[in-house]
Structures are given as structure tokens and as C-alpha cells.
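The structure appears below as C-alpha cells.
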Amino acid sequence: MNIRRHGPLRRWLPAGAYRSIRTKLLVCFLIVTLIPLLSLGALSYYQSASTVNSQFGRYGENAVTQLQQQSDSMLVRMKQMSQTIYSYLLDPAHADLGSDPPVTYGEIMEKNDFESVLRSLANDQTAGIYIITPSGYYYGENNLDVGKLAAIPAWKSMPASNSGPYWLGFHMQNHAISASEQAGPAVLGLAVPIRNPGGAQDGSTILIEEDARELLRMFRQFEEDTKAHLSIQAPDGRTVYESTESFTPRDNDIIWDKTLSVNHWKIEARLPAKAFYQSSGVIRSNTVIVAVWSCLLAFGLAYLFTSRFTGRIRSLKESMQKVSFGKLDTRVPVEGRDELGSLDISFNRMVSGVQSLVQEVERSERLKKEAELKAFHYQINPHLLFNTLNSIQWKARLEGAEEIRRMLYHLTMVLEGNLDISQELVTLERELRMIGHFLKIQEIRYGAVFQYKLDCEEDLKRFVIPRMTLQPLFENIFFHGFTDGAGIIELRVREQGEELLLELKDNGAGIGEEKLAQLFAPNPEPRGRGGLGVRNADQKFKLHFGPRYGLTVRSIKGEGTSILIRWPKKEEHPDGERKQPESADCR
């Protein structure tokens, strides 16, 4: 039969591996193990990556919102300070504040009062509050060099026509009067022009500077934590703040942006997609590494498992091949209590049974050959024997020797049954009839000195028994058990399930213990006559029905002997062949 196998698996396996149960088990084990493992790894990766990306996105959004709130807080404070100062200058009561240095006592007092107000508006974050007049004179702390303000790019770019607050942005406070003084801290500046026609300080500018180091530190901390590029754009297009690292915007950048409510500056944080998904990429890499190691571990475990499993099967296969070659002493070592271990035990039992059966068959064949040789050795011509006996019988009748004629008649009947070798199994009825003829001969020989009791139902006589098995037992009774033929013989046949039990008892001399022990020995030492008939009868039952059947002899010296025979119930076909009875009940 040509079996065609299809599928991609065969194309990738070496020749013969597809038919190997080890390969199939290995593939199945890997499929069953790796599919759930890889599915779980992929699911865990996608869930973890989604969670990490979502949390990182929310973190960036919250961080930018916090920067917005901090910036708005500072801008609101600066705007409120400028409005307070502006309102103070619009008051007509302060019209004496001029654009030139004070000369009179009243102007000096007004200047001192105004600077006291400016100092009262300052807080810990205030770097400076100044009122710069058109003439270059200013009110506030005495640490301002007005000429150095021109170095601030935002101050130079401030439009002359500007009428509202102008946010200068972030710059270094390096406009101190002393040239030797170190540059000040980074500050955030606000310039508010004063439009007060006919009033105090018309045309002057309010300059407020807040210490921006903490805010800038927050910006840098955000850049370091998120690796994002931070920038602040003014509505007029000026870049107020930008990260120092070079950055090229891309369309796939992750963007967080907020707009300040005070001056509408736009805070924008741009993070490259690669950096944004870096955490999920780490998770993916770790997942792939774990998956690869898990696959290798699964493959190793599967290889070890299948190697041990198929090794035991291979050992069983090799043992079966040895048995097929006739090595019946082969046994498989039992390595476990699993199904394969049970199979090993069953195989050993089977081989032991086969070995015992072969030995029994060899023994049976040997006995059969011995029986055939004996049959050839003792074969005589039945016709010549029967014709001779008939001639002697007629001679005895003519001479008036009636007892001799009767003995010859019964002897002829016995020999006719014994010499008929066409059937090895005969009915129990026929065997008992031969026993009757044998007993008639003994009765003529010894006289009516013995008793014979037969207990056998008629339904049991249809079952078969090996030919010429009871006569040697009866011969032993008369030749070794009885003295001058006197005694009692009991023969009882009964059924027990699917078996027949025949019990033959006598009250003769019995058998000694030593001889009884040697009765069924395989190779007994010849010690006179007796025992051979019992042993041959036992061998016949075992030969025909199996080793579990045969004779059991019990005897006590001086009290008699009891022989128990057990064999299965079998019937004889009409054509002479025996058959198994349909029911255990033969009655």
C-alpha cells in the first residue's frame, strides 16, 4: 500500500524523521508549549506597552501642565506688580515724581516714599523693580546700569510704539552698575510703558525682573526626565526659551503643548517617537529575550522528555526483535510505573509465557515422538492376534474349558479397545466398558473376592477421556495393591463447573512415601515395577488438555490409595472429533 503524506512539515524534516515518533512527539510538545507561551508573551507585551505608553503620555502631559501653572503663577505675580505700580503713578498726588533726579526736599521725600512702595511689592523671587525715565534716570535699587539694558536682545527689539506690557523673556541679569560685579542670575523680565499725559512719569518704563532659576531648573528637569525638546514661543514669533540640544522636528513626534493664560506664550514639548516608545521597546526586547530562552528551554525539556520516552520504546522494540529472532530469554528492564512500565511488565510476562509455552510444546513433541517410537516398537498385527485368540477361544469351547473361553473373550474386547489407535480420545462410556471387561478377567482369575463400586451419571459418559488411561491404574491395584485380588474398588465421576473429577479409591497396600515422591519425577530411577502406568496416564492428560490437568495421588501405606483425575469437559462430534460442551450443566 502506497501511503502519501502531505504538508509542509515533511519538507523541512530529514528523510525518515517524519516517521519517527520522537520527531512527532517533539513537534507536538513544542507546538503545545510554544503557542500558549508566545501568545501569553505577545499579550503581555501589548498590554504592558500600552500601559507604559499611556502612563508616559499622561506623565508628559501633566508635567507640561505643571510647567504652565508655574509659569502662569510667576507671570500673574509680575503683572499684578506692574498694575499696582501703574496705578500708583496715575494718582495725581504723586505728580512730583519727575524724570530727573530730585533736587528739592519734597522731591527727595517723594522719591523715598515711592522706592519704599517698590520695595514693599518685592518678594523672595523678585530680582529687581525699576522705573526708567526718558532721561535715563531710574527709581529702584541702586544696582542698575541703564546703558547695559541695550545688551538685552528683547529690550532692543521692544517697539517704541508699544503701549502695553512687553514680556522680555529670559535673560541674564548682567546690567549691574559695577563692571567688576559678576553677572546676576537668570531672570524673567517685564517692561510696561507708562502713558500718563500731563501726569507723573509719562514716557517712562516699568521694568520688573523675577528670579527664573527655579523655573528654568524645572524646564531642564523635564527635559532630562522625558528626553523631550522644550520650547516657548511668543505670539510675535520670538523664541522665548528652547532646549540647548539640537533637534529636528518630525511629523511623527509626540507633542505636548500648553498656552499661558497671561501673555499667550505657547509651551511646546516635542518628543521623538523613537524616544517615546523606547520603554515599550525595552519591554519588547525583554519579551523577545524571555521568549527565546523559553523556547530553548522548552525545546531542551521536550528533547530530554522525548529522548527518554522514545528510548524506552526503542528498547522495547529491540527486545521484540530479539524475541522474533528466537532469543526468548530477552527481558526489558522496568524503569517506571507509568503506562510504558506496565507495557514492559506485560511484555516480560508475555515472553515468559511464550518461553514456557515453547518449552511445553518442545516437551510435548518429545513425548509424542517417544510415544510414536514406542508405538512403532510395540506395534503388532491386530488381525493375526485376533485370529489367533479366536482360534484358541473355539478350541476352548470344543474342549469344554468355559472359563478359558470367557477370559479369552474379555481379553479380546480389552485388546480391541486398546489396539484401536485411530482415536486418542474416547468417550468415558467406552473407557468404562473396557474396564468392565478387564474386571471380568480378574474375576475369573481370582474369583469373586473383590468389590467394584461405580458412581457415574449417564450424562457424564458422553464426555471424552484419553484412551487407555484407566486400565493401567486398575492393573496397579490388582498387581501391587491387593493380595490375591481381594479388596474394594470405588470409582466415582462427578462434574465441577466446566471440569470433570474422577476419583479412584482402593483399600489395598498403599504406596510408600519414598516411592510416592518419585511417582511424578521427570526422570525417575527404575525401582522395580509400578508407577509407570500412573505416570503415563498423567502425561496423557497433560498432553491433551494442558499442564494444569492430570492426576493427583494420595496414599497411606497399609490403608489404600486414592487417585484424583481432573480434566475439562469435552464432547465427541458425530464424525469422531471432540467438541466443547455448550453449557456447564451436562445433566
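Quick note on naming: the chains in the C-alpha cells go A, B, ... in the order shown, residues restart at 1 in each chain, and ligands are numbered from 1 in order of appearance.
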
If we count only C-alpha atoms, what is near stretch 487-496 of chain A at a cut-off of 6 Å, once residues fewer than 5 positions away on the same chain are taken out, given as a list of chain:residue names? A:Phe450, A:Gln451, A:Tyr452, A:Lys453, A:Leu454, A:Asp455, A:Cys456, A:Leu501, A:Leu502, A:Glu503, A:Leu504, A:Lys505, A:Asp506, A:Asn507

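Of the listed residues A:Val354, A:Leu90, A:Leu425, A:Glu335, the one whose atoms come nearest to A:Asn196 is A:Leu90, with distances taken using only C-alpha atoms.
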
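Between A:Ala191 and the candidates A:Ala273, A:Tyr86, A:Thr239, A:His229, the tightest atom-to-atom separation, counting only C-alpha atoms, involves A:Tyr86.
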
Please build the interface table for stretch 249-354 of chain A against stretch 59-67 of chain A with a cut-off of 8 Å, listing for each qualifying residue the nearest atom pair and the distance in Å to one decimal; count only C-alpha atoms, order rows by chain and increasing number, and write it as JSON lines.
```
{"residue": "A:Trp256", "atom": "CA", "partner": "A:Glu61", "partner_atom": "CA", "distance": 5.9}
{"residue": "A:Asp257", "atom": "CA", "partner": "A:Val64", "partner_atom": "CA", "distance": 7.0}
{"residue": "A:Lys258", "atom": "CA", "partner": "A:Thr65", "partner_atom": "CA", "distance": 6.8}
{"residue": "A:Ile267", "atom": "CA", "partner": "A:Val64", "partner_atom": "CA", "distance": 7.7}
{"residue": "A:Ala269", "atom": "CA", "partner": "A:Val64", "partner_atom": "CA", "distance": 7.5}
```

Selected residues written out with N, CA and C atoms, as an mmCIF file, in the first residue's frame:
```cif
data_model
loop_
_atom_site.group_PDB
_atom_site.id
_atom_site.type_symbol
_atom_site.label_atom_id
_atom_site.label_comp_id
_atom_site.auth_asym_id
_atom_site.auth_seq_id
_atom_site.Cartn_x
_atom_site.Cartn_y
_atom_site.Cartn_z
ATOM 1 N N TRP A 256 3.410 67.665 23.339
ATOM 2 C CA TRP A 256 2.612 68.171 24.452
ATOM 3 C C TRP A 256 2.715 69.701 24.424
ATOM 4 N N ASP A 257 1.617 70.373 24.367
ATOM 5 C CA ASP A 257 1.681 71.845 24.308
ATOM 6 C C ASP A 257 0.598 72.453 25.198
ATOM 7 N N LYS A 258 0.955 73.612 25.741
ATOM 8 C CA LYS A 258 0.039 74.397 26.578
ATOM 9 C C LYS A 258 0.257 75.876 26.254
ATOM 10 N N ILE A 267 3.874 76.900 25.268
ATOM 11 C CA ILE A 267 4.881 75.929 25.702
ATOM 12 C C ILE A 267 4.668 74.659 24.890
ATOM 13 N N ALA A 269 6.406 70.842 23.987
ATOM 14 C CA ALA A 269 7.405 69.794 24.226
ATOM 15 C C ALA A 269 7.249 68.744 23.134
#
```

Quick check for you: according to DSSP on this backbone, which residues of stretch 415-557 of chain A are classed as alpha helix (DSSP H)? Reply as JSON, numbers by chain. {"A": [415, 416, 417, 418, 428, 429, 430, 431, 432, 433, 434, 435, 436, 437, 438, 439, 440, 441, 442, 443, 444, 445, 446, 471, 472, 473, 474, 475, 476, 513, 514, 515, 516, 517, 532, 533, 534, 535, 536, 537, 538, 539, 540, 541, 542, 543, 544, 545]}

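Nearest-residue note for A:Pro134: choosing from A:Ile465, A:Ser346, A:Ile194, A:Ala291, the minimum distance belongs to A:Ile194, counting only C-alpha atoms.
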
Run DSSP on the backbone and grab whatever in stretch 2-207 of chain A lands in strand (DSSP E or B); send it over as a VMD selection string. chain A and resid 126 to 132 138 to 140 166 to 172 186 to 193 205 to 207

Keeping N, CA, C and O atoms for every residue in the selection just given, could you write it to a file as a compact mmCIF listing (two decimals), in the first residue's frame?
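The resulting file, selection-v1.txt, is reproduced below:
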```
# COMPACT_ATOMS: atom_id res chain seq x y z
N THR A 126 11.66 88.17 43.60
CA THR A 126 11.84 89.41 42.83
C THR A 126 13.32 89.75 42.73
O THR A 126 14.02 89.87 43.73
N ALA A 127 13.81 89.87 41.48
CA ALA A 127 15.21 90.22 41.26
C ALA A 127 15.42 91.72 41.13
O ALA A 127 16.54 92.22 41.32
N GLY A 128 14.38 92.46 40.81
CA GLY A 128 14.50 93.91 40.70
C GLY A 128 13.23 94.54 40.17
O GLY A 128 12.56 93.97 39.30
N ILE A 129 12.91 95.79 40.72
CA ILE A 129 11.78 96.57 40.23
C ILE A 129 12.32 97.99 39.98
O ILE A 129 12.85 98.65 40.88
N TYR A 130 12.15 98.46 38.71
CA TYR A 130 12.72 99.75 38.32
C TYR A 130 11.68 100.53 37.52
O TYR A 130 10.87 99.93 36.80
N ILE A 131 11.82 101.88 37.69
CA ILE A 131 11.07 102.82 36.84
C ILE A 131 12.12 103.63 36.09
O ILE A 131 12.84 104.44 36.68
N ILE A 132 12.23 103.38 34.79
CA ILE A 132 13.28 104.03 33.98
C ILE A 132 12.65 105.20 33.24
O ILE A 132 11.71 105.01 32.45
N TYR A 138 16.48 106.52 36.93
CA TYR A 138 15.55 105.43 37.28
C TYR A 138 15.30 105.46 38.77
O TYR A 138 16.09 105.97 39.57
N TYR A 139 14.16 104.91 39.14
CA TYR A 139 13.78 104.71 40.54
C TYR A 139 13.92 103.21 40.85
O TYR A 139 13.58 102.35 40.05
N GLY A 140 14.38 102.87 42.01
CA GLY A 140 14.55 101.49 42.45
C GLY A 140 15.90 101.30 43.10
O GLY A 140 16.55 102.28 43.51
N TYR A 166 5.14 94.38 27.78
CA TYR A 166 6.02 93.70 26.83
C TYR A 166 6.92 92.76 27.62
O TYR A 166 7.72 93.18 28.45
N TRP A 167 6.72 91.45 27.36
CA TRP A 167 7.47 90.43 28.09
C TRP A 167 8.82 90.22 27.41
O TRP A 167 8.91 89.83 26.26
N LEU A 168 9.88 90.54 28.17
CA LEU A 168 11.22 90.46 27.63
C LEU A 168 11.72 89.02 27.52
O LEU A 168 12.64 88.74 26.74
N GLY A 169 11.15 88.13 28.27
CA GLY A 169 11.61 86.74 28.25
C GLY A 169 12.71 86.51 29.27
O GLY A 169 12.91 87.29 30.21
N PHE A 170 13.46 85.44 29.06
CA PHE A 170 14.51 85.04 29.99
C PHE A 170 15.83 85.64 29.53
O PHE A 170 16.19 85.58 28.36
N HIS A 171 16.56 86.21 30.49
CA HIS A 171 17.88 86.74 30.20
C HIS A 171 18.68 86.78 31.49
O HIS A 171 18.13 86.63 32.60
N MET A 172 19.98 86.97 31.33
CA MET A 172 20.86 87.06 32.49
C MET A 172 20.85 88.48 33.03
O MET A 172 20.88 89.45 32.27
N ALA A 186 19.71 84.23 36.19
CA ALA A 186 18.74 84.29 35.10
C ALA A 186 17.42 84.80 35.63
O ALA A 186 16.94 84.39 36.70
N VAL A 187 16.86 85.74 34.89
CA VAL A 187 15.62 86.38 35.33
C VAL A 187 14.64 86.40 34.17
O VAL A 187 14.99 86.19 33.01
N LEU A 188 13.38 86.63 34.52
CA LEU A 188 12.31 86.83 33.56
C LEU A 188 11.87 88.27 33.66
O LEU A 188 11.50 88.73 34.75
N GLY A 189 11.93 88.98 32.53
CA GLY A 189 11.67 90.42 32.58
C GLY A 189 10.34 90.81 31.97
O GLY A 189 9.86 90.18 31.02
N LEU A 190 9.77 91.93 32.53
CA LEU A 190 8.53 92.51 32.03
C LEU A 190 8.72 94.02 31.94
O LEU A 190 9.09 94.67 32.94
N ALA A 191 8.47 94.59 30.76
CA ALA A 191 8.58 96.04 30.56
C ALA A 191 7.19 96.59 30.23
O ALA A 191 6.54 96.12 29.30
N VAL A 192 6.78 97.59 31.02
CA VAL A 192 5.45 98.19 30.83
C VAL A 192 5.62 99.70 30.61
O VAL A 192 6.05 100.42 31.53
N PRO A 193 5.37 100.18 29.39
CA PRO A 193 5.49 101.64 29.16
C PRO A 193 4.37 102.40 29.88
O PRO A 193 3.23 101.90 29.98
N THR A 205 9.26 103.74 31.74
CA THR A 205 9.02 102.30 31.55
C THR A 205 9.20 101.58 32.89
O THR A 205 10.19 101.80 33.59
N ILE A 206 8.23 100.75 33.21
CA ILE A 206 8.33 99.91 34.42
C ILE A 206 9.06 98.62 34.02
O ILE A 206 8.66 97.91 33.11
N LEU A 207 10.14 98.30 34.71
CA LEU A 207 10.90 97.08 34.47
C LEU A 207 10.85 96.21 35.73
O LEU A 207 11.29 96.63 36.80
```
